[in-house]
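Content type compact mmCIF, C-alpha atoms, from the file target-v7.txt:
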# COMPACT_ATOMS: atom_id res chain seq x y z
CA MET L 594 -40.78 4.22 26.72
CA ASN L 595 -37.94 4.94 29.13
CA ALA L 596 -35.18 3.65 26.89
CA LEU L 597 -32.69 6.10 25.43
CA PRO L 598 -31.53 5.82 21.82
CA GLU L 599 -28.84 3.21 21.30
CA SER L 600 -26.60 5.89 19.78
CA LEU L 601 -26.29 7.60 23.17
CA ARG L 602 -24.71 4.56 24.81
CA SER L 603 -21.32 5.39 23.33
CA HIS L 604 -21.62 9.12 24.04
CA ARG L 605 -19.06 10.91 26.23
CA VAL L 606 -21.95 12.12 28.39
CA ARG L 607 -23.04 9.26 30.59
CA SER L 608 -26.77 8.54 30.44
CA GLN L 609 -28.84 8.48 33.60
CA ALA L 610 -30.85 5.43 34.66
CA ASP L 611 -33.84 6.33 32.48
CA ARG L 612 -35.07 8.93 30.05
CA LEU L 613 -36.81 11.08 32.67
CA ALA L 614 -33.69 11.29 34.83
CA SER L 615 -31.60 12.09 31.77
CA VAL L 616 -33.91 14.92 30.74
CA ARG L 617 -33.89 16.36 34.24
CA SER L 618 -30.09 16.35 34.30
CA VAL L 619 -29.95 18.71 31.30
CA SER L 620 -33.12 20.70 32.04
CA ASP L 621 -32.95 21.77 35.67
CA GLY L 622 -30.59 24.69 36.04
CA ARG L 623 -30.16 28.44 35.79
CA VAL L 624 -28.29 30.80 33.49
CA VAL L 625 -25.88 33.14 35.27
CA TRP L 626 -23.48 35.84 34.14
CA GLU L 627 -19.97 34.44 33.66
CA PRO L 628 -17.50 37.31 34.14
CA VAL L 629 -14.44 35.78 32.46
CA ARG L 630 -16.31 34.85 29.29
CA SER L 631 -18.18 38.16 29.24
CA LEU L 632 -15.12 40.34 29.79
CA TRP L 633 -13.09 38.35 27.26
CA PHE L 634 -15.64 38.83 24.50
CA THR L 635 -16.45 42.45 25.46
CA GLY L 636 -12.78 43.43 25.54
CA MET L 637 -12.09 41.83 22.17
CA ALA L 638 -15.21 43.40 20.65
CA LEU L 639 -14.27 46.87 21.91
CA GLY L 640 -10.76 46.44 20.55
CA ALA L 641 -12.18 45.34 17.20
CA VAL L 642 -14.73 48.13 16.87
CA VAL L 643 -13.03 51.11 18.51
CA GLY L 644 -9.43 50.19 17.80
CA GLY L 645 -10.20 48.74 14.40
CA ILE L 646 -11.95 51.88 13.18
CA ALA L 647 -9.23 54.15 14.55
CA THR L 648 -6.40 52.20 12.92
CA PHE L 649 -8.01 50.89 9.74
CA SER L 650 -5.75 50.07 6.82
CA TRP L 651 -6.16 47.67 3.94
CA PRO L 652 -3.15 45.53 4.98
CA ALA L 653 -4.63 45.20 8.49
CA PHE L 654 -8.03 44.27 7.04
CA ALA L 655 -6.39 41.71 4.74
CA LEU L 656 -4.67 40.23 7.80
CA PHE L 657 -8.07 39.91 9.47
CA VAL L 658 -9.61 38.13 6.48
CA VAL L 659 -6.72 35.71 5.95
CA SER L 660 -6.16 34.91 9.64
CA THR L 661 -9.88 34.47 10.35
CA ALA L 662 -10.40 32.16 7.36
CA THR L 663 -7.33 30.15 8.35
CA VAL L 664 -8.29 29.52 11.96
CA LEU L 665 -11.93 28.79 11.07
CA LEU L 666 -10.98 26.26 8.39
CA LEU L 667 -7.91 24.59 9.86
CA GLY L 668 -8.70 25.16 13.51
CA HIS L 669 -12.39 25.15 14.26
CA SER L 670 -13.80 23.05 11.44
CA LEU L 671 -11.02 20.49 10.94
CA GLY L 672 -9.05 20.57 14.18
CA MET L 673 -11.58 21.06 16.94
CA HIS L 674 -14.79 19.76 15.40
CA ARG L 675 -14.15 17.08 12.80
CA LYS L 676 -10.97 15.70 14.42
CA LEU L 677 -10.83 16.31 18.17
CA ILE L 678 -14.55 16.08 18.94
CA HIS L 679 -15.74 13.53 16.38
CA ASP L 680 -12.49 11.81 15.32
CA SER L 681 -13.90 11.61 11.79
CA PHE L 682 -10.49 11.23 10.13
CA ALA L 683 -6.98 10.06 11.00
CA CYS L 684 -3.78 12.05 10.63
CA PRO L 685 -0.27 12.26 12.15
CA LYS L 686 -0.21 13.52 15.72
CA TRP L 687 1.83 16.58 14.76
CA LEU L 688 -0.85 17.61 12.29
CA GLU L 689 -3.62 17.05 14.82
CA TYR L 690 -1.74 19.24 17.32
CA LEU L 691 -1.29 21.97 14.69
CA LEU L 692 -4.96 21.93 13.73
CA VAL L 693 -6.13 22.05 17.35
CA TYR L 694 -3.70 24.90 18.06
CA CYS L 695 -5.31 26.81 15.19
CA GLY L 696 -8.65 26.02 16.82
CA VAL L 697 -7.53 27.67 20.05
CA GLN L 698 -6.82 30.81 17.99
CA VAL L 699 -10.55 31.13 17.27
CA GLY L 700 -10.88 32.33 20.86
CA LEU L 701 -13.77 30.17 22.06
CA ALA L 702 -12.10 27.97 24.69
CA GLY L 703 -9.36 25.45 25.27
CA PRO L 704 -9.60 22.04 23.59
CA ILE L 705 -10.83 20.08 26.61
CA GLY L 706 -13.34 22.75 27.57
CA LEU L 707 -14.68 22.89 24.03
CA VAL L 708 -15.15 19.11 23.91
CA ARG L 709 -17.10 19.25 27.18
CA THR L 710 -19.27 22.15 26.02
CA HIS L 711 -19.99 20.57 22.64
CA ASP L 712 -20.81 17.14 23.99
CA LEU L 713 -23.14 18.37 26.74
CA ARG L 714 -25.12 20.36 24.18
CA ASP L 715 -25.11 17.49 21.69
CA TYR L 716 -26.32 15.01 24.31
CA ALA L 717 -29.02 17.35 25.60
CA GLN L 718 -30.37 18.07 22.13
CA ARG L 719 -30.80 14.35 21.40
CA LEU L 720 -33.06 13.90 24.44
CA PRO L 721 -36.82 14.64 24.35
CA ASP L 722 -36.28 17.96 26.15
CA CYS L 723 -33.49 20.13 27.52
CA HIS L 724 -32.84 23.60 28.92
CA ASP L 725 -33.54 26.53 26.59
CA TYR L 726 -29.87 27.54 26.84
CA LEU L 727 -28.79 24.22 25.31
CA ALA L 728 -31.50 24.36 22.65
CA HIS L 729 -30.98 27.97 21.45
CA ARG L 730 -34.71 28.22 22.08
CA ARG L 731 -35.05 31.79 23.36
CA ALA L 732 -35.40 34.99 21.35
CA PHE L 733 -32.45 36.19 19.27
CA ALA L 734 -31.25 38.89 21.71
CA VAL L 735 -31.71 36.70 24.79
CA ASP L 736 -29.81 33.83 23.22
CA ALA L 737 -27.00 36.20 22.23
CA TRP L 738 -26.67 37.44 25.82
CA TRP L 739 -26.79 33.92 27.23
CA GLN L 740 -24.29 32.36 24.85
CA LEU L 741 -21.79 35.24 24.74
CA HIS L 742 -21.87 36.40 28.35
CA CYS L 743 -23.35 33.67 30.54
CA GLU L 744 -23.12 30.01 31.46
CA LEU L 745 -25.64 27.33 32.37
CA ARG L 746 -25.33 25.86 35.85
CA LEU L 747 -27.27 22.61 35.94
CA SER L 748 -28.61 21.42 39.29
CA ALA L 749 -27.46 17.83 38.77
CA PRO L 750 -25.33 17.76 35.60
CA PRO L 751 -24.59 14.45 33.91
CA ARG L 752 -21.10 13.01 34.02
CA ILE L 753 -18.85 13.70 31.03
CA GLU L 754 -16.11 11.15 30.43
CA ILE L 755 -13.51 12.37 27.95
CA GLU L 756 -11.20 9.67 26.67
CA ALA L 757 -7.57 9.60 27.75
CA ARG L 758 -6.29 10.52 24.29
CA ILE L 759 -7.67 14.01 24.96
CA ALA L 760 -8.10 14.39 28.73
CA GLU L 761 -4.64 13.09 29.63
CA ASP L 762 -2.71 14.57 26.72
CA ARG L 763 -0.13 16.96 28.17
CA TYR L 764 -0.27 19.27 25.15
CA TYR L 765 -4.04 19.60 25.30
CA ARG L 766 -3.92 20.15 29.05
CA PHE L 767 -1.37 22.93 28.47
CA LEU L 768 -3.54 24.57 25.83
CA GLN L 769 -6.55 24.30 28.13
CA ARG L 770 -4.72 26.15 30.91
CA THR L 771 -3.29 28.83 28.62
CA TRP L 772 -5.76 29.23 25.77
CA MET L 773 -6.30 32.95 26.33
CA TRP L 774 -2.56 33.58 26.60
CA GLN L 775 -1.98 31.79 23.28
CA HIS L 776 -3.11 34.98 21.52
CA LEU L 777 -0.36 37.08 23.13
CA PRO L 778 2.58 35.88 20.96
CA TRP L 779 0.62 36.72 17.83
CA ALA L 780 -0.33 40.12 19.22
CA LEU L 781 3.33 40.89 19.90
CA ALA L 782 4.38 39.68 16.46
CA PHE L 783 1.65 41.68 14.73
CA PHE L 784 2.55 44.79 16.74
CA ALA L 785 6.19 44.47 15.70
CA ILE L 786 5.19 44.20 12.03
CA GLY L 787 2.24 46.54 11.66
CA GLY L 788 1.66 48.37 14.95
CA TRP L 789 -1.64 48.59 16.82
CA GLY L 790 -3.68 48.31 13.65
CA TRP L 791 -2.45 44.80 13.06
CA VAL L 792 -3.16 43.88 16.70
CA PHE L 793 -6.73 45.20 16.59
CA TRP L 794 -7.50 43.58 13.24
CA GLY L 795 -5.32 40.46 13.49
CA VAL L 796 -6.27 39.50 17.04
CA CYS L 797 -9.25 41.45 18.43
CA ALA L 798 -11.34 41.45 15.26
CA ARG L 799 -10.44 37.84 14.48
CA VAL L 800 -11.47 36.62 17.94
CA THR L 801 -14.64 38.73 17.89
CA ALA L 802 -15.64 37.33 14.51
CA GLY L 803 -14.89 33.77 15.63
CA VAL L 804 -16.82 33.94 18.91
CA PHE L 805 -19.75 36.00 17.63
CA GLY L 806 -19.93 33.99 14.41
CA HIS L 807 -19.93 30.71 16.32
CA TRP L 808 -22.96 31.84 18.31
CA LEU L 809 -24.73 33.31 15.25
CA VAL L 810 -24.32 30.16 13.18
CA GLY L 811 -25.43 28.05 16.15
CA TYR L 812 -28.56 30.11 16.58
CA PHE L 813 -29.63 29.89 12.94
CA ALA L 814 -28.54 26.25 12.59
CA HIS L 815 -30.99 25.27 15.34
CA ASN L 816 -33.88 27.56 14.41
CA HIS L 817 -33.96 28.42 10.71
CA GLY L 818 -33.09 26.47 7.59
CA GLY L 819 -33.84 23.36 5.57
CA MET L 820 -33.91 19.76 6.73
CA HIS L 821 -33.22 16.50 4.92
CA HIS L 822 -33.49 14.35 8.05
CA GLU L 823 -35.28 14.24 11.37
CA VAL L 824 -33.91 12.73 14.57
CA ARG L 825 -37.16 11.55 16.09
CA GLY L 826 -37.60 12.04 19.79
CA ALA L 827 -34.92 14.74 19.89
CA ALA L 828 -35.58 18.10 21.55
CA VAL L 829 -33.76 20.00 18.83
CA GLN L 830 -33.32 19.45 15.10
CA GLY L 831 -30.31 20.73 13.18
CA ARG L 832 -30.93 23.00 10.21
CA ASN L 833 -28.97 23.55 7.01
CA VAL L 834 -28.19 27.25 6.56
CA ARG L 835 -27.23 27.33 2.89
CA TRP L 836 -26.07 30.96 2.62
CA MET L 837 -23.39 30.39 5.27
CA SER L 838 -21.58 27.53 3.51
CA LEU L 839 -18.36 29.34 2.63
CA LEU L 840 -18.33 31.61 5.67
CA THR L 841 -18.52 28.59 8.00
CA MET L 842 -16.19 26.29 6.00
CA GLY L 843 -19.08 23.85 5.63
CA GLU L 844 -20.17 23.84 9.28
CA CYS L 845 -23.55 25.30 8.33
CA TRP L 846 -24.87 21.91 7.10
CA HIS L 847 -26.06 21.23 10.61
CA ASN L 848 -29.03 19.05 9.75
CA ASN L 849 -26.66 16.73 7.94
CA HIS L 850 -24.37 16.81 10.97
CA HIS L 851 -27.18 15.96 13.40
CA ALA L 852 -28.02 13.01 11.18
CA PHE L 853 -24.43 11.77 10.79
CA PRO L 854 -22.31 13.30 13.59
CA GLY L 855 -19.23 11.20 12.86
CA SER L 856 -19.03 12.03 9.16
CA ALA L 857 -15.97 13.95 7.99
CA ARG L 858 -18.10 15.33 5.19
CA LEU L 859 -20.84 17.79 6.19
CA GLY L 860 -22.11 18.96 2.80
CA LEU L 861 -23.53 15.63 1.69
CA TYR L 862 -25.75 16.51 -1.23
CA ALA L 863 -25.45 18.26 -4.57
CA GLY L 864 -24.80 21.98 -4.24
CA GLU L 865 -23.79 21.80 -0.56
CA TRP L 866 -20.37 23.44 -0.58
CA ASP L 867 -18.03 22.16 2.11
CA PRO L 868 -14.54 23.73 2.10
CA GLY L 869 -13.49 21.62 5.07
CA TRP L 870 -14.20 18.46 3.10
CA TRP L 871 -12.42 19.81 0.04
CA LEU L 872 -9.27 20.36 2.10
CA LEU L 873 -9.52 16.91 3.70
CA ARG L 874 -9.77 15.29 0.28
CA ALA L 875 -6.74 17.26 -0.94
CA CYS L 876 -4.77 16.19 2.15
CA GLU L 877 -5.86 12.60 1.60
CA ARG L 878 -4.41 12.64 -1.91
CA ILE L 879 -0.96 13.57 -0.57
CA GLY L 880 -1.13 11.14 2.33
CA LEU L 881 -1.58 13.64 5.18
CA VAL L 882 -4.97 12.28 6.27
CA TRP L 883 -6.69 8.94 5.90
CA ARG L 884 -9.69 6.94 7.17
CA LEU L 885 -12.17 9.67 6.30
CA ARG L 886 -15.50 8.51 7.72
CA LEU L 887 -18.69 9.00 5.70
CA PRO L 888 -22.35 8.30 6.54
CA GLU L 889 -22.11 4.75 5.20
CA ASP L 890 -19.32 4.04 7.69
CA LEU L 891 -21.44 4.94 10.73
CA PRO L 892 -23.77 2.65 12.71
CA PRO L 893 -27.45 2.88 11.73
CA ARG L 894 -29.74 4.88 14.02
CA GLU L 895 -33.34 3.81 14.53
CA GLU L 896 -34.36 7.35 15.45
CA LEU L 897 -33.06 8.81 12.17
CA HIS L 898 -35.65 9.37 9.44
CA ARG L 899 -35.44 10.94 6.01
CA LEU L 900 -38.01 13.67 5.55
CA GLU L 901 -38.04 13.99 1.78
CA PRO L 902 -36.42 12.65 -1.35
CA THR L 903 -33.02 14.28 -1.00
CA PRO L 904 -31.18 15.93 -3.88
CA ALA L 905 -28.89 13.74 -5.95
CA ALA L 906 -26.74 12.25 -3.23
CA SER L 907 -23.05 12.89 -3.61
CA PHE L 908 -22.01 10.14 -1.25
CA ALA L 909 -22.22 6.41 -1.95
CA ASP L 910 -25.65 4.92 -2.56
CA ALA L 911 -24.91 2.52 0.26
CA ALA L 912 -25.43 5.37 2.70
CA SER L 913 -29.06 5.78 1.74
CA THR L 914 -29.75 2.15 2.53
CA ARG L 915 -28.75 2.85 6.13
CA LEU L 916 -31.68 5.25 6.51
CA THR L 917 -35.21 4.18 7.13
CA ARG L 918 -37.45 4.98 4.19
CA THR L 919 -40.39 5.96 6.38
CA VAL L 920 -41.83 9.30 5.30
CA PRO L 921 -43.83 11.13 8.00
Starting from the file, give its structure as structure tokens.
Amino acid sequence: MNALPESLRSHRVRSQADRLASVRSVSDGRVVWEPVRSLWFTGMALGAVVGGIATFSWPAFALFVVSTATVLLLGHSLGMHRKLIHDSFACPKWLEYLLVYCGVQVGLAGPIGLVRTHDLRDYAQRLPDCHDYLAHRRAFAVDAWWQLHCELRLSAPPRIEIEARIAEDRYYRFLQRTWMWQHLPWALAFFAIGGWGWVFWGVCARVTAGVFGHWLVGYFAHNHGGMHHEVRGAAVQGRNVRWMSLLTMGECWHNNHHAFPGSARLGLYAGEWDPGWWLLRACERIGLVWRLRLPEDLPPREELHRLEPTPAASFADAASTRLTRTVP
């Protein structure tokens, strides 16, 4: 069959004429050293390790813990991933802007760049094959070098069409141009309050943990862990990495996410802790967010199959009726 899954027709990445052409568009390419990305991460890591050790104090370490948890929860999980990329809940524009700004503080990229990077990888992984870079398929050390210091240059990359609500938003365009500089005001403020120790721990260590942790979770979430569902015909399956649930604010339930990308809830079953979902539910109760999408709200996918009787489902029974009951 040359037909692509129906679910890819509404993807931001535009499908090629047939499956073979689509696979080639995300498979043919080379990995090259990207100096800006490499120097950014290396500089932050050196500041975190060398500067952090030289200036350690418990207040500085507490700043690292609180600031890192804040930007990962509010920024990366809620702002960048569940809202900007997947639009899995609605909220006032001011709150969306605040959450995405927190996401920039993780230190990965600007909002538009992150949407492009995420969606290319997501599209490629749903195809029958893709480049090893996009699949996290190489050995641990090689994948670390690739993801932290390099970029993939595809020979004939597919077209990525980001909707106007993101691509033409003046605030997001500003953050995209200045995302590295957005850390400077915080560095100056931390220096004024706590000296270099607060800069090394509140900025350098926070960015290092965010960037390195993002790669580390991505590697494990595509190579090791449990699965409730299989996306048949896909080059890569998501994995649930249970021991990372609190550290990732619920983003570790990646098999669930591959199955239901538009769901605001990632920890779908009993015992799957999801701090991002807990915060969304709290915000919903006070009227700050609404229209939280769950698996039962998403279109059915023919390629999605349940692998096993799942644990007691914590979302509506209606969701399970949207899945095929075929057991391989």
Got a sec: who's within 12 Å of Val693 of chain L, counting all atoms listed in the file, leaving out chain neighbours fewer than 2 positions off, as a compact mmCIF listing (two decimals) with C-alpha atoms, in the coordinates of the input?
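And here is the file that came out, around04.txt:
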# COMPACT_ATOMS: atom_id res chain seq x y z
CA VAL L 664 -8.29 29.52 11.96
CA LEU L 665 -11.93 28.79 11.07
CA LEU L 666 -10.98 26.26 8.39
CA LEU L 667 -7.91 24.59 9.86
CA GLY L 668 -8.70 25.16 13.51
CA HIS L 669 -12.39 25.15 14.26
CA SER L 670 -13.80 23.05 11.44
CA LEU L 671 -11.02 20.49 10.94
CA GLY L 672 -9.05 20.57 14.18
CA MET L 673 -11.58 21.06 16.94
CA HIS L 674 -14.79 19.76 15.40
CA ARG L 675 -14.15 17.08 12.80
CA LYS L 676 -10.97 15.70 14.42
CA LEU L 677 -10.83 16.31 18.17
CA ILE L 678 -14.55 16.08 18.94
CA LYS L 686 -0.21 13.52 15.72
CA TRP L 687 1.83 16.58 14.76
CA LEU L 688 -0.85 17.61 12.29
CA GLU L 689 -3.62 17.05 14.82
CA TYR L 690 -1.74 19.24 17.32
CA LEU L 691 -1.29 21.97 14.69
CA CYS L 695 -5.31 26.81 15.19
CA GLY L 696 -8.65 26.02 16.82
CA VAL L 697 -7.53 27.67 20.05
CA GLN L 698 -6.82 30.81 17.99
CA VAL L 699 -10.55 31.13 17.27
CA GLY L 700 -10.88 32.33 20.86
CA ALA L 702 -12.10 27.97 24.69
CA GLY L 703 -9.36 25.45 25.27
CA PRO L 704 -9.60 22.04 23.59
CA ILE L 705 -10.83 20.08 26.61
CA LEU L 707 -14.68 22.89 24.03
CA VAL L 708 -15.15 19.11 23.91
CA ILE L 759 -7.67 14.01 24.96
CA TYR L 764 -0.27 19.27 25.15
CA TYR L 765 -4.04 19.60 25.30
CA LEU L 768 -3.54 24.57 25.83
CA GLN L 769 -6.55 24.30 28.13
CA TRP L 772 -5.76 29.23 25.77
Taking all atoms listed in the file into account, produce a table as a Markdown table in which each residue of segment 801-835 of chain L with an atom at most 8 Å from an atom of segment 851-855 of chain L appears once, together with its shortest atom pair and the distance in Å to one decimal, ordered by chain and rising number.
| residue | atom | partner | partner_atom | distance |
| --- | --- | --- | --- | --- |
| L:His822 | CA | L:Ala852 | CA | 6.4 |
| L:Glu823 | CA | L:Ala852 | CA | 7.4 |
| L:Val824 | CA | L:Ala852 | CA | 6.8 |
| L:Gln830 | CA | L:His851 | CA | 7.3 |
| L:Gly831 | CA | L:His851 | CA | 5.7 |
Write to file, as a short mmCIF file (atom, residue, chain, number, x, y, z; two decimals), in the frame of the given file, the residues of the selection just made, with C-alpha atoms.
data_model
loop_
_atom_site.label_atom_id
_atom_site.label_comp_id
_atom_site.auth_asym_id
_atom_site.auth_seq_id
_atom_site.Cartn_x
_atom_site.Cartn_y
_atom_site.Cartn_z
CA HIS L 822 -33.49 14.35 8.05
CA GLU L 823 -35.28 14.24 11.37
CA VAL L 824 -33.91 12.73 14.57
CA GLN L 830 -33.32 19.45 15.10
CA GLY L 831 -30.31 20.73 13.18
#
Using only the atoms of segment 884-893 of chain L listed in the file, plus 6 Å on each side, state the axis-aligned box centre and edge lengths in Å rounded to one decimal, as lines of an AutoDock Vina configuration file.
center_x = -18.6
center_y = 6.2
center_z = 9.0
size_x = 29.8
size_y = 19.0
size_z = 19.5
Atom CA of Gly795 of chain L to atom CA of Val658 of chain L, straight-line distance in Å: 8.5 Å
L:Leu601, L:Cys845, L:Ala827, L:Val800 ranked by distance to His898 of chain L, top pick (using only C-alpha atoms): L:Ala827
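Relative to atom CA of Leu840 of chain L, atom CA of Phe649 of chain L is found at 22.2 Å.
If all atoms listed in the file are the atoms counted, then among L:Gly640, L:Pro685, L:Gly803, L:Pro868 the closest residue to Met842 of chain L is L:Pro868.
Reported to one decimal place, the separation of atom CA of Asp680 of chain L from atom CA of Glu877 of chain L is 15.3 Å.
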Nearby residues (only C-alpha atoms) at most 12 Å from Arg884 of chain L, same-chain spacing under 4 positions excluded, as a count of residues only: 17
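Among the candidate residues L:Thr635, L:Ser748, L:Asn849, L:Gln740, the one lying nearest to Val616 of chain L is L:Ser748, with distances computed using all atoms listed in the file.
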Need to verify the contact set: Phe657 of chain L, 9 Å, all atoms listed in the file, exclusion of same-chain residues closer than 2 positions in sequence. Can you return it as a PDB file with C-alpha atoms, in the coordinates of the input?
ATOM      1  CA  PRO L 652      -3.150  45.530   4.980  1.00  0.00           C
ATOM      2  CA  ALA L 653      -4.630  45.200   8.490  1.00  0.00           C
ATOM      3  CA  PHE L 654      -8.030  44.270   7.040  1.00  0.00           C
ATOM      4  CA  ALA L 655      -6.390  41.710   4.740  1.00  0.00           C
ATOM      5  CA  VAL L 659      -6.720  35.710   5.950  1.00  0.00           C
ATOM      6  CA  SER L 660      -6.160  34.910   9.640  1.00  0.00           C
ATOM      7  CA  THR L 661      -9.880  34.470  10.350  1.00  0.00           C
ATOM      8  CA  ALA L 662     -10.400  32.160   7.360  1.00  0.00           C
ATOM      9  CA  TRP L 791      -2.450  44.800  13.060  1.00  0.00           C
ATOM     10  CA  PHE L 793      -6.730  45.200  16.590  1.00  0.00           C
ATOM     11  CA  TRP L 794      -7.500  43.580  13.240  1.00  0.00           C
ATOM     12  CA  GLY L 795      -5.320  40.460  13.490  1.00  0.00           C
ATOM     13  CA  VAL L 796      -6.270  39.500  17.040  1.00  0.00           C
ATOM     14  CA  ALA L 798     -11.340  41.450  15.260  1.00  0.00           C
ATOM     15  CA  ARG L 799     -10.440  37.840  14.480  1.00  0.00           C
TER      16      ARG L 799
END
Which residues of segment 804-906 of chain L sit at most 6 Å from segment 714-725 of chain L, using all atoms listed in the file? Give each one's shortest atom pair and distance in Å (one decimal place), in chain and ascending residue order, as a Markdown table.
| residue | atom | partner | partner_atom | distance |
| --- | --- | --- | --- | --- |
| L:Gly826 | CA | L:Pro721 | CA | 5.3 |
| L:Ala827 | CA | L:Arg719 | CA | 4.4 |
| L:Ala828 | CA | L:Pro721 | CA | 4.6 |
| L:Val829 | CA | L:Gln718 | CA | 5.1 |
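In terms of minimum interatomic distance to Ser615 of chain L, L:Pro751 ranks closest within L:Gly864, L:Gly843, L:Gly636, L:Pro751, counting only C-alpha atoms.
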Which residues, written as a PDB file with C-alpha atoms, in the frame of the given file, have at least one atom at most 12 Å from Phe805 of chain L, with all atoms listed in the file counted and residues fewer than 6 positions away on the same chain left out?
ATOM      1  CA  SER L 631     -18.180  38.160  29.240  1.00  0.00           C
ATOM      2  CA  TRP L 633     -13.090  38.350  27.260  1.00  0.00           C
ATOM      3  CA  PHE L 634     -15.640  38.830  24.500  1.00  0.00           C
ATOM      4  CA  THR L 635     -16.450  42.450  25.460  1.00  0.00           C
ATOM      5  CA  MET L 637     -12.090  41.830  22.170  1.00  0.00           C
ATOM      6  CA  ALA L 638     -15.210  43.400  20.650  1.00  0.00           C
ATOM      7  CA  VAL L 699     -10.550  31.130  17.270  1.00  0.00           C
ATOM      8  CA  GLY L 700     -10.880  32.330  20.860  1.00  0.00           C
ATOM      9  CA  LEU L 701     -13.770  30.170  22.060  1.00  0.00           C
ATOM     10  CA  ASP L 736     -29.810  33.830  23.220  1.00  0.00           C
ATOM     11  CA  ALA L 737     -27.000  36.200  22.230  1.00  0.00           C
ATOM     12  CA  TRP L 738     -26.670  37.440  25.820  1.00  0.00           C
ATOM     13  CA  GLN L 740     -24.290  32.360  24.850  1.00  0.00           C
ATOM     14  CA  LEU L 741     -21.790  35.240  24.740  1.00  0.00           C
ATOM     15  CA  HIS L 742     -21.870  36.400  28.350  1.00  0.00           C
ATOM     16  CA  CYS L 797      -9.250  41.450  18.430  1.00  0.00           C
ATOM     17  CA  ALA L 798     -11.340  41.450  15.260  1.00  0.00           C
ATOM     18  CA  ARG L 799     -10.440  37.840  14.480  1.00  0.00           C
ATOM     19  CA  GLY L 811     -25.430  28.050  16.150  1.00  0.00           C
ATOM     20  CA  TYR L 812     -28.560  30.110  16.580  1.00  0.00           C
TER      21      TYR L 812
END
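For the set L:Cys743, L:Ala863, L:Ala757, L:Val804, the residue with the smallest atom-to-atom gap to Arg630 of chain L is L:Cys743, counting only C-alpha atoms.
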